[in-house]
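Text of structure.txt, listed as compact mmCIF, N, CA and C atoms:
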```txt
# COMPACT_ATOMS: atom_id res chain seq x y z
N GLN A 198 -126.46 -16.72 1.25
CA GLN A 198 -125.02 -16.79 1.19
C GLN A 198 -124.51 -17.79 2.23
N VAL A 199 -123.87 -18.84 1.76
CA VAL A 199 -123.35 -19.86 2.67
C VAL A 199 -122.11 -19.32 3.37
N GLN A 200 -122.03 -19.55 4.67
CA GLN A 200 -120.86 -19.17 5.44
C GLN A 200 -120.26 -20.39 6.12
N LEU A 201 -118.95 -20.35 6.33
CA LEU A 201 -118.26 -21.41 7.05
C LEU A 201 -118.00 -20.94 8.47
N VAL A 202 -118.40 -21.75 9.43
CA VAL A 202 -118.25 -21.40 10.84
C VAL A 202 -117.25 -22.35 11.48
N GLU A 203 -116.17 -21.78 12.00
CA GLU A 203 -115.11 -22.57 12.60
C GLU A 203 -115.22 -22.54 14.12
N SER A 204 -114.72 -23.59 14.75
CA SER A 204 -114.67 -23.64 16.21
C SER A 204 -113.54 -24.56 16.63
N GLY A 205 -113.16 -24.46 17.89
CA GLY A 205 -112.17 -25.38 18.45
C GLY A 205 -110.80 -24.81 18.69
N GLY A 206 -110.55 -23.59 18.27
CA GLY A 206 -109.23 -23.00 18.52
C GLY A 206 -109.06 -22.65 19.99
N GLY A 207 -107.86 -22.24 20.35
CA GLY A 207 -107.60 -21.85 21.72
C GLY A 207 -106.14 -21.89 22.06
N LEU A 208 -105.88 -21.85 23.36
CA LEU A 208 -104.52 -21.88 23.89
C LEU A 208 -104.23 -23.25 24.47
N VAL A 209 -103.08 -23.81 24.09
CA VAL A 209 -102.72 -25.14 24.56
C VAL A 209 -101.21 -25.18 24.77
N GLN A 210 -100.77 -26.02 25.68
CA GLN A 210 -99.34 -26.18 25.90
C GLN A 210 -98.74 -27.09 24.83
N ALA A 211 -97.47 -26.91 24.60
CA ALA A 211 -96.77 -27.78 23.66
C ALA A 211 -96.96 -29.24 24.05
N GLY A 212 -97.22 -30.06 23.04
CA GLY A 212 -97.49 -31.47 23.27
C GLY A 212 -98.96 -31.79 23.42
N GLY A 213 -99.78 -30.76 23.54
CA GLY A 213 -101.21 -30.95 23.69
C GLY A 213 -101.93 -31.15 22.38
N SER A 214 -103.26 -31.22 22.48
CA SER A 214 -104.10 -31.49 21.31
C SER A 214 -105.26 -30.50 21.24
N LEU A 215 -105.70 -30.26 20.02
CA LEU A 215 -106.91 -29.49 19.76
C LEU A 215 -107.61 -30.11 18.57
N ARG A 216 -108.92 -29.92 18.53
CA ARG A 216 -109.70 -30.38 17.38
C ARG A 216 -110.48 -29.21 16.83
N LEU A 217 -110.21 -28.87 15.58
CA LEU A 217 -110.93 -27.80 14.90
C LEU A 217 -112.09 -28.38 14.10
N SER A 218 -113.18 -27.63 14.07
CA SER A 218 -114.34 -28.02 13.27
C SER A 218 -114.76 -26.85 12.40
N CYS A 219 -115.30 -27.16 11.25
CA CYS A 219 -115.78 -26.13 10.32
C CYS A 219 -117.04 -26.65 9.66
N THR A 220 -118.13 -25.91 9.81
CA THR A 220 -119.41 -26.34 9.26
C THR A 220 -119.99 -25.25 8.38
N ALA A 221 -120.51 -25.66 7.26
CA ALA A 221 -121.17 -24.71 6.36
C ALA A 221 -122.58 -24.43 6.85
N SER A 222 -123.00 -23.17 6.73
CA SER A 222 -124.33 -22.78 7.22
C SER A 222 -125.44 -23.23 6.29
N GLY A 223 -125.08 -23.69 5.10
CA GLY A 223 -126.07 -24.18 4.16
C GLY A 223 -125.47 -25.31 3.33
N ILE A 224 -126.20 -25.74 2.37
CA ILE A 224 -125.74 -26.84 1.52
C ILE A 224 -124.80 -26.32 0.44
N ILE A 225 -123.68 -27.00 0.27
CA ILE A 225 -122.74 -26.69 -0.81
C ILE A 225 -122.74 -27.88 -1.76
N PHE A 226 -123.08 -27.63 -2.99
CA PHE A 226 -123.16 -28.69 -3.98
C PHE A 226 -121.83 -28.89 -4.70
N ASN A 227 -121.64 -30.08 -5.16
CA ASN A 227 -120.46 -30.42 -5.97
C ASN A 227 -119.14 -30.02 -5.29
N ILE A 228 -118.98 -30.45 -4.04
CA ILE A 228 -117.74 -30.17 -3.33
C ILE A 228 -116.60 -30.95 -3.96
N LYS A 229 -115.48 -30.28 -4.17
CA LYS A 229 -114.28 -30.94 -4.68
C LYS A 229 -113.30 -31.24 -3.56
N THR A 230 -112.99 -30.20 -2.77
CA THR A 230 -112.05 -30.39 -1.67
C THR A 230 -112.48 -29.61 -0.43
N LEU A 231 -112.07 -30.10 0.72
CA LEU A 231 -112.25 -29.41 1.99
C LEU A 231 -110.87 -29.34 2.63
N GLY A 232 -110.52 -28.18 3.17
CA GLY A 232 -109.16 -28.07 3.68
C GLY A 232 -109.00 -27.08 4.81
N TRP A 233 -107.81 -27.11 5.36
CA TRP A 233 -107.41 -26.18 6.41
C TRP A 233 -106.11 -25.50 6.00
N TYR A 234 -106.08 -24.20 6.21
CA TYR A 234 -104.89 -23.39 5.97
C TYR A 234 -104.56 -22.66 7.25
N ARG A 235 -103.34 -22.14 7.34
CA ARG A 235 -102.99 -21.34 8.50
C ARG A 235 -102.09 -20.19 8.10
N GLN A 236 -102.18 -19.14 8.91
CA GLN A 236 -101.40 -17.95 8.65
C GLN A 236 -100.84 -17.42 9.97
N ALA A 237 -99.52 -17.43 10.07
CA ALA A 237 -98.85 -16.88 11.23
C ALA A 237 -98.59 -15.39 10.97
N PRO A 238 -98.39 -14.61 12.03
CA PRO A 238 -98.15 -13.17 11.85
C PRO A 238 -96.97 -12.91 10.93
N GLY A 239 -97.19 -12.05 9.94
CA GLY A 239 -96.12 -11.68 9.03
C GLY A 239 -95.80 -12.71 7.96
N LYS A 240 -96.59 -13.78 7.91
CA LYS A 240 -96.34 -14.84 6.93
C LYS A 240 -97.54 -15.03 6.02
N GLN A 241 -97.33 -15.75 4.93
CA GLN A 241 -98.42 -16.01 4.00
C GLN A 241 -99.29 -17.15 4.54
N ARG A 242 -100.46 -17.25 3.95
CA ARG A 242 -101.38 -18.33 4.32
C ARG A 242 -100.94 -19.60 3.60
N ASP A 243 -100.73 -20.65 4.36
CA ASP A 243 -100.23 -21.90 3.81
C ASP A 243 -101.21 -23.05 4.02
N LEU A 244 -101.18 -23.99 3.12
CA LEU A 244 -101.99 -25.19 3.25
C LEU A 244 -101.49 -26.04 4.41
N VAL A 245 -102.43 -26.52 5.23
CA VAL A 245 -102.09 -27.46 6.30
C VAL A 245 -102.49 -28.87 5.89
N ALA A 246 -103.74 -29.02 5.46
CA ALA A 246 -104.24 -30.34 5.08
C ALA A 246 -105.45 -30.16 4.19
N VAL A 247 -105.66 -31.12 3.32
CA VAL A 247 -106.81 -31.09 2.43
C VAL A 247 -107.32 -32.50 2.25
N ILE A 248 -108.64 -32.62 2.04
CA ILE A 248 -109.26 -33.90 1.77
C ILE A 248 -110.21 -33.72 0.60
N THR A 249 -110.17 -34.65 -0.34
CA THR A 249 -111.06 -34.56 -1.48
C THR A 249 -112.42 -35.16 -1.13
N SER A 250 -113.39 -34.92 -1.98
CA SER A 250 -114.72 -35.50 -1.76
C SER A 250 -114.66 -37.02 -1.76
N GLY A 251 -113.62 -37.56 -2.38
CA GLY A 251 -113.46 -39.02 -2.40
C GLY A 251 -112.65 -39.56 -1.25
N GLY A 252 -112.17 -38.68 -0.36
CA GLY A 252 -111.46 -39.13 0.83
C GLY A 252 -109.95 -39.15 0.73
N ILE A 253 -109.40 -38.67 -0.35
CA ILE A 253 -107.93 -38.62 -0.48
C ILE A 253 -107.41 -37.41 0.29
N THR A 254 -106.37 -37.64 1.09
CA THR A 254 -105.84 -36.58 1.94
C THR A 254 -104.43 -36.19 1.53
N ASN A 255 -104.09 -34.96 1.87
CA ASN A 255 -102.74 -34.47 1.64
C ASN A 255 -102.39 -33.51 2.77
N TYR A 256 -101.14 -33.59 3.24
CA TYR A 256 -100.72 -32.80 4.38
C TYR A 256 -99.43 -32.04 4.09
N ALA A 257 -99.29 -30.90 4.73
CA ALA A 257 -98.00 -30.23 4.71
C ALA A 257 -97.00 -31.10 5.44
N ASP A 258 -95.77 -31.08 4.99
CA ASP A 258 -94.74 -31.93 5.61
C ASP A 258 -94.61 -31.66 7.09
N SER A 259 -94.80 -30.42 7.49
CA SER A 259 -94.58 -30.02 8.88
C SER A 259 -95.62 -30.61 9.85
N VAL A 260 -96.73 -31.11 9.31
CA VAL A 260 -97.78 -31.63 10.20
C VAL A 260 -98.04 -33.12 10.00
N LYS A 261 -97.37 -33.73 9.05
CA LYS A 261 -97.59 -35.15 8.79
C LYS A 261 -97.29 -35.97 10.04
N GLY A 262 -98.19 -36.90 10.33
CA GLY A 262 -98.02 -37.74 11.50
C GLY A 262 -98.56 -37.13 12.78
N ARG A 263 -98.91 -35.85 12.75
CA ARG A 263 -99.43 -35.18 13.95
C ARG A 263 -100.87 -34.71 13.76
N PHE A 264 -101.21 -34.28 12.56
CA PHE A 264 -102.55 -33.76 12.27
C PHE A 264 -103.32 -34.76 11.41
N THR A 265 -104.64 -34.80 11.61
CA THR A 265 -105.49 -35.65 10.80
C THR A 265 -106.71 -34.85 10.36
N ILE A 266 -106.94 -34.83 9.05
CA ILE A 266 -108.12 -34.17 8.51
C ILE A 266 -109.18 -35.21 8.21
N SER A 267 -110.43 -34.86 8.47
CA SER A 267 -111.55 -35.74 8.14
C SER A 267 -112.74 -34.87 7.78
N SER A 268 -113.74 -35.49 7.19
CA SER A 268 -114.90 -34.72 6.77
C SER A 268 -116.16 -35.55 6.86
N ASP A 269 -117.26 -34.86 6.98
CA ASP A 269 -118.59 -35.45 6.91
C ASP A 269 -119.29 -34.69 5.78
N ASN A 270 -119.23 -35.24 4.60
CA ASN A 270 -119.75 -34.52 3.44
C ASN A 270 -121.24 -34.26 3.54
N ALA A 271 -121.95 -35.19 4.16
CA ALA A 271 -123.40 -35.01 4.30
C ALA A 271 -123.73 -33.79 5.14
N LYS A 272 -122.82 -33.44 6.04
CA LYS A 272 -123.04 -32.30 6.92
C LYS A 272 -122.21 -31.08 6.49
N ASN A 273 -121.53 -31.21 5.36
CA ASN A 273 -120.65 -30.12 4.90
C ASN A 273 -119.72 -29.65 6.02
N THR A 274 -119.12 -30.61 6.69
CA THR A 274 -118.26 -30.32 7.85
C THR A 274 -116.89 -30.94 7.64
N VAL A 275 -115.87 -30.20 8.04
CA VAL A 275 -114.50 -30.69 7.97
C VAL A 275 -113.86 -30.49 9.33
N TYR A 276 -113.04 -31.47 9.73
CA TYR A 276 -112.39 -31.45 11.03
C TYR A 276 -110.87 -31.49 10.85
N LEU A 277 -110.19 -30.98 11.86
CA LEU A 277 -108.73 -31.10 11.90
C LEU A 277 -108.33 -31.48 13.33
N GLN A 278 -107.91 -32.72 13.49
CA GLN A 278 -107.40 -33.18 14.78
C GLN A 278 -105.91 -32.89 14.83
N MET A 279 -105.50 -32.11 15.82
CA MET A 279 -104.11 -31.69 15.93
C MET A 279 -103.51 -32.24 17.22
N ASN A 280 -102.54 -33.11 17.08
CA ASN A 280 -101.87 -33.72 18.23
C ASN A 280 -100.41 -33.28 18.26
N SER A 281 -99.79 -33.49 19.41
CA SER A 281 -98.36 -33.15 19.57
C SER A 281 -98.07 -31.74 19.07
N LEU A 282 -98.87 -30.82 19.50
CA LEU A 282 -98.74 -29.44 19.01
C LEU A 282 -97.43 -28.82 19.44
N LYS A 283 -96.90 -27.98 18.56
CA LYS A 283 -95.63 -27.29 18.78
C LYS A 283 -95.86 -25.78 18.74
N PRO A 284 -95.01 -25.01 19.38
CA PRO A 284 -95.16 -23.54 19.32
C PRO A 284 -95.21 -23.01 17.88
N GLU A 285 -94.51 -23.66 16.98
CA GLU A 285 -94.52 -23.19 15.59
C GLU A 285 -95.84 -23.47 14.87
N ASP A 286 -96.75 -24.18 15.52
CA ASP A 286 -98.09 -24.37 14.97
C ASP A 286 -99.00 -23.18 15.27
N THR A 287 -98.52 -22.25 16.06
CA THR A 287 -99.31 -21.07 16.40
C THR A 287 -99.64 -20.26 15.15
N ALA A 288 -100.92 -20.00 14.94
CA ALA A 288 -101.38 -19.29 13.75
C ALA A 288 -102.89 -19.14 13.82
N VAL A 289 -103.42 -18.37 12.88
CA VAL A 289 -104.86 -18.36 12.65
C VAL A 289 -105.14 -19.44 11.61
N TYR A 290 -106.06 -20.32 11.94
CA TYR A 290 -106.41 -21.44 11.06
C TYR A 290 -107.72 -21.13 10.34
N TYR A 291 -107.70 -21.31 9.02
CA TYR A 291 -108.86 -21.03 8.19
C TYR A 291 -109.31 -22.31 7.50
N CYS A 292 -110.60 -22.55 7.47
CA CYS A 292 -111.10 -23.67 6.70
C CYS A 292 -111.51 -23.17 5.31
N ASN A 293 -111.48 -24.07 4.37
CA ASN A 293 -111.80 -23.76 2.98
C ASN A 293 -112.58 -24.92 2.39
N ILE A 294 -113.62 -24.60 1.66
CA ILE A 294 -114.34 -25.61 0.89
C ILE A 294 -114.41 -25.12 -0.55
N ASP A 295 -113.89 -25.93 -1.43
CA ASP A 295 -113.92 -25.61 -2.85
C ASP A 295 -114.97 -26.48 -3.54
N SER A 296 -115.89 -25.83 -4.24
CA SER A 296 -116.87 -26.57 -5.00
C SER A 296 -116.57 -26.39 -6.49
N ARG A 297 -117.37 -27.00 -7.27
CA ARG A 297 -117.22 -26.86 -8.72
C ARG A 297 -117.40 -25.40 -9.15
N TYR A 298 -118.13 -24.63 -8.34
CA TYR A 298 -118.54 -23.29 -8.77
C TYR A 298 -117.74 -22.17 -8.11
N ARG A 299 -117.33 -22.37 -6.86
CA ARG A 299 -116.60 -21.32 -6.15
C ARG A 299 -115.98 -21.86 -4.88
N GLY A 300 -115.13 -21.04 -4.26
CA GLY A 300 -114.52 -21.41 -3.00
C GLY A 300 -115.12 -20.63 -1.86
N TYR A 301 -115.10 -21.24 -0.67
CA TYR A 301 -115.64 -20.61 0.52
C TYR A 301 -114.53 -20.62 1.59
N TRP A 302 -114.51 -19.55 2.39
CA TRP A 302 -113.52 -19.44 3.47
C TRP A 302 -114.21 -19.14 4.79
N GLY A 303 -113.66 -19.72 5.86
CA GLY A 303 -114.12 -19.36 7.19
C GLY A 303 -113.46 -18.08 7.66
N GLN A 304 -113.88 -17.63 8.82
CA GLN A 304 -113.37 -16.35 9.35
C GLN A 304 -112.04 -16.51 10.07
N GLY A 305 -111.68 -17.74 10.35
CA GLY A 305 -110.41 -18.01 11.02
C GLY A 305 -110.60 -18.23 12.51
N THR A 306 -109.78 -19.12 13.06
CA THR A 306 -109.79 -19.37 14.49
C THR A 306 -108.34 -19.43 14.98
N GLN A 307 -108.08 -18.76 16.09
CA GLN A 307 -106.71 -18.64 16.59
C GLN A 307 -106.31 -19.90 17.34
N VAL A 308 -105.14 -20.41 17.00
CA VAL A 308 -104.52 -21.51 17.75
C VAL A 308 -103.19 -20.99 18.28
N THR A 309 -103.02 -21.05 19.58
CA THR A 309 -101.78 -20.61 20.22
C THR A 309 -101.20 -21.75 21.05
N VAL A 310 -99.95 -22.09 20.75
CA VAL A 310 -99.28 -23.18 21.46
C VAL A 310 -98.14 -22.57 22.28
N SER A 311 -98.22 -22.73 23.57
CA SER A 311 -97.19 -22.17 24.45
C SER A 311 -96.09 -23.21 24.71
N SER A 312 -94.89 -22.72 24.88
CA SER A 312 -93.76 -23.63 25.12
C SER A 312 -93.56 -23.91 26.59
```
Whole structure, C-alpha cells version:
Amino acid sequence: QVQLVESGGGLVQAGGSLRLSCTASGIIFNIKTLGWYRQAPGKQRDLVAVITSGGITNYADSVKGRFTISSDNAKNTVYLQMNSLKPEDTAVYYCNIDSRYRGYWGQGTQVTVSS
C-alpha cells in the first residue's frame, strides 16, 4: 500500500516562508495530477495548487503569486513553496496524487502563521 509522507510544516511569522514536501513510499503509475489542499478549523478542504504530469499548474486565487507548486515525477514527489505567508494561510495542508486508477492522500501537516 503506497503512502504519501508530508514534511515541512510548522510555525512561522507573517511574511515568512515554508516549503512543504510530499513523497510517495512506493511507485505510483500513470500519475495525472499532484496537488496540495488545505483545511482550516471548521472549514472544508480546499484546493491550494495542482500540477499535472505535463507540468501545467493551477492555483487558488488566494495564493497566486505567493505559492509555487513543483514536482519530481521520477521520485513521485510534490513540493509547495510558500512565501509571504499570511495568518489566513493557517491550516492543515494535505498532499494528493491522482493516478489513472485511484487517488492518494497524505496524513496532513500543520502550517501556522502568526501575526
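Going from atom N of Val310 in chain A over to atom N of Ser214 in chain A, you cover 9.9 Å.
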What is the CA of Asp295 in chain A-CA of Gly232 in chain A distance in Å, reported with one decimal? 8.4 Å
Could the residues of range 204-277 of chain A that have an atom at most 5 Å from range 299-309 of chain A be listed as a tab-separated table, each with its closest atom pair and the distance in Å to one decimal, counting only N, CA and C atoms and ordered by chain and ascending residue number?
```
residue	atom	partner	partner_atom	distance
A:Gly206	CA	A:Gln307	C	4.4
A:Gly207	C	A:Thr309	N	4.1
A:Leu208	CA	A:Thr309	C	4.4
A:Val209	N	A:Thr309	C	4.1
```
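Taking CA of Tyr234 in chain A as the reference point, CA of Asn270 in chain A is found at 18.7 Å.
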I'd like the neighbourhood of Ser311 in chain A as a JSON list (two decimals) with N, CA and C atoms, in the coordinates of the input, where a residue qualifies if any of its atoms comes within 6 Å (using all atoms listed in the file), though same-chain residues fewer than 5 positions away should be ignored.
```json
[["chain", "number", "residue", "atom", "x", "y", "z"],
["A", 209, "VAL", "N", -103.08, -23.81, 24.09],
["A", 209, "VAL", "CA", -102.72, -25.14, 24.56],
["A", 209, "VAL", "C", -101.21, -25.18, 24.77],
["A", 210, "GLN", "N", -100.77, -26.02, 25.68],
["A", 210, "GLN", "CA", -99.34, -26.18, 25.90],
["A", 210, "GLN", "C", -98.74, -27.09, 24.83],
["A", 211, "ALA", "N", -97.47, -26.91, 24.60],
["A", 211, "ALA", "CA", -96.77, -27.78, 23.66],
["A", 211, "ALA", "C", -96.96, -29.24, 24.05],
["A", 284, "PRO", "N", -95.01, -25.01, 19.38],
["A", 284, "PRO", "CA", -95.16, -23.54, 19.32],
["A", 284, "PRO", "C", -95.21, -23.01, 17.88]]
```
Residue neighbourhood Phe226 in chain A, 8 Å, only N, CA and C atoms, exclusion window fewer than 3 positions, as an mmCIF file with N, CA and C atoms, keeping the file's coordinate frame:
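Final output, saved to selection-v7.cif:
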```cif
data_model
loop_
_atom_site.group_PDB
_atom_site.id
_atom_site.type_symbol
_atom_site.label_atom_id
_atom_site.label_comp_id
_atom_site.auth_asym_id
_atom_site.auth_seq_id
_atom_site.Cartn_x
_atom_site.Cartn_y
_atom_site.Cartn_z
ATOM 1 N N GLY A 223 -125.080 -23.690 5.100
ATOM 2 C CA GLY A 223 -126.070 -24.180 4.160
ATOM 3 C C GLY A 223 -125.470 -25.310 3.330
ATOM 4 N N LYS A 229 -115.480 -30.280 -4.170
ATOM 5 C CA LYS A 229 -114.280 -30.940 -4.680
ATOM 6 C C LYS A 229 -113.300 -31.240 -3.560
ATOM 7 N N ASP A 295 -113.890 -25.930 -1.430
ATOM 8 C CA ASP A 295 -113.920 -25.610 -2.850
ATOM 9 C C ASP A 295 -114.970 -26.480 -3.540
ATOM 10 N N SER A 296 -115.890 -25.830 -4.240
ATOM 11 C CA SER A 296 -116.870 -26.570 -5.000
ATOM 12 C C SER A 296 -116.570 -26.390 -6.490
ATOM 13 N N ARG A 297 -117.370 -27.000 -7.270
ATOM 14 C CA ARG A 297 -117.220 -26.860 -8.720
ATOM 15 C C ARG A 297 -117.400 -25.400 -9.150
ATOM 16 N N TYR A 298 -118.130 -24.630 -8.340
ATOM 17 C CA TYR A 298 -118.540 -23.290 -8.770
ATOM 18 C C TYR A 298 -117.740 -22.170 -8.110
#
```
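You can rank A:Ile225, A:Cys219, A:Asn280, A:Ser268 by their closest distance to Leu201 in chain A using only C-alpha atoms, and at the top of that list sits A:Cys219.
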Would you mind telling me which residue in A:Val275, A:Ala288, A:Ala257, A:Ile294 lies nearest to Ser218 in chain A when using only N, CA and C atoms? A:Val275
Would you mind telling me which residue in A:Leu277, A:Ala221, A:Gly213, A:Ile228 lies nearest to Gly251 in chain A when using all atoms listed in the file? A:Ile228
Restrict the output to range 288-300 of chain A and N, CA, C and O atoms, then write it as a PDB file, in the first residue's frame.
```
ATOM      1  N   ALA A 288      -3.589  26.385   8.428  1.00  0.00           N
ATOM      2  CA  ALA A 288      -4.447  25.243   8.117  1.00  0.00           C
ATOM      3  C   ALA A 288      -3.613  23.968   8.185  1.00  0.00           C
ATOM      4  O   ALA A 288      -2.386  24.022   8.301  1.00  0.00           O
ATOM      5  N   VAL A 289      -4.296  22.845   8.088  1.00  0.00           N
ATOM      6  CA  VAL A 289      -3.619  21.576   7.846  1.00  0.00           C
ATOM      7  C   VAL A 289      -3.534  21.405   6.328  1.00  0.00           C
ATOM      8  O   VAL A 289      -4.553  21.511   5.633  1.00  0.00           O
ATOM      9  N   TYR A 290      -2.340  21.160   5.849  1.00  0.00           N
ATOM     10  CA  TYR A 290      -2.104  21.010   4.413  1.00  0.00           C
ATOM     11  C   TYR A 290      -1.961  19.527   4.067  1.00  0.00           C
ATOM     12  O   TYR A 290      -1.195  18.801   4.713  1.00  0.00           O
ATOM     13  N   TYR A 291      -2.701  19.113   3.049  1.00  0.00           N
ATOM     14  CA  TYR A 291      -2.704  17.720   2.616  1.00  0.00           C
ATOM     15  C   TYR A 291      -2.196  17.629   1.183  1.00  0.00           C
ATOM     16  O   TYR A 291      -2.610  18.410   0.327  1.00  0.00           O
ATOM     17  N   CYS A 292      -1.347  16.665   0.913  1.00  0.00           N
ATOM     18  CA  CYS A 292      -0.961  16.437  -0.466  1.00  0.00           C
ATOM     19  C   CYS A 292      -1.850  15.347  -1.060  1.00  0.00           C
ATOM     20  O   CYS A 292      -2.397  14.502  -0.341  1.00  0.00           O
ATOM     21  N   ASN A 293      -1.984  15.388  -2.352  1.00  0.00           N
ATOM     22  CA  ASN A 293      -2.837  14.451  -3.082  1.00  0.00           C
ATOM     23  C   ASN A 293      -2.152  14.086  -4.386  1.00  0.00           C
ATOM     24  O   ASN A 293      -1.602  14.948  -5.075  1.00  0.00           O
ATOM     25  N   ILE A 294      -2.176  12.817  -4.713  1.00  0.00           N
ATOM     26  CA  ILE A 294      -1.712  12.354  -6.016  1.00  0.00           C
ATOM     27  C   ILE A 294      -2.830  11.532  -6.628  1.00  0.00           C
ATOM     28  O   ILE A 294      -3.290  10.559  -6.032  1.00  0.00           O
ATOM     29  N   ASP A 295      -3.256  11.957  -7.788  1.00  0.00           N
ATOM     30  CA  ASP A 295      -4.296  11.238  -8.518  1.00  0.00           C
ATOM     31  C   ASP A 295      -3.664  10.490  -9.686  1.00  0.00           C
ATOM     32  O   ASP A 295      -2.968  11.088 -10.506  1.00  0.00           O
ATOM     33  N   SER A 296      -3.914   9.188  -9.732  1.00  0.00           N
ATOM     34  CA  SER A 296      -3.440   8.403 -10.855  1.00  0.00           C
ATOM     35  C   SER A 296      -4.637   7.991 -11.704  1.00  0.00           C
ATOM     36  O   SER A 296      -5.786   8.286 -11.367  1.00  0.00           O
ATOM     37  N   ARG A 297      -4.345   7.292 -12.738  1.00  0.00           N
ATOM     38  CA  ARG A 297      -5.414   6.789 -13.604  1.00  0.00           C
ATOM     39  C   ARG A 297      -6.342   5.854 -12.830  1.00  0.00           C
ATOM     40  O   ARG A 297      -7.524   5.717 -13.160  1.00  0.00           O
ATOM     41  N   TYR A 298      -5.816   5.241 -11.764  1.00  0.00           N
ATOM     42  CA  TYR A 298      -6.554   4.173 -11.092  1.00  0.00           C
ATOM     43  C   TYR A 298      -7.188   4.601  -9.771  1.00  0.00           C
ATOM     44  O   TYR A 298      -8.240   4.090  -9.394  1.00  0.00           O
ATOM     45  N   ARG A 299      -6.542   5.504  -9.048  1.00  0.00           N
ATOM     46  CA  ARG A 299      -7.071   5.929  -7.751  1.00  0.00           C
ATOM     47  C   ARG A 299      -6.343   7.163  -7.255  1.00  0.00           C
ATOM     48  O   ARG A 299      -5.329   7.549  -7.831  1.00  0.00           O
ATOM     49  N   GLY A 300      -6.883   7.749  -6.185  1.00  0.00           N
ATOM     50  CA  GLY A 300      -6.250   8.897  -5.561  1.00  0.00           C
ATOM     51  C   GLY A 300      -5.596   8.512  -4.255  1.00  0.00           C
ATOM     52  O   GLY A 300      -6.011   7.564  -3.582  1.00  0.00           O
TER      53      GLY A 300
END
```
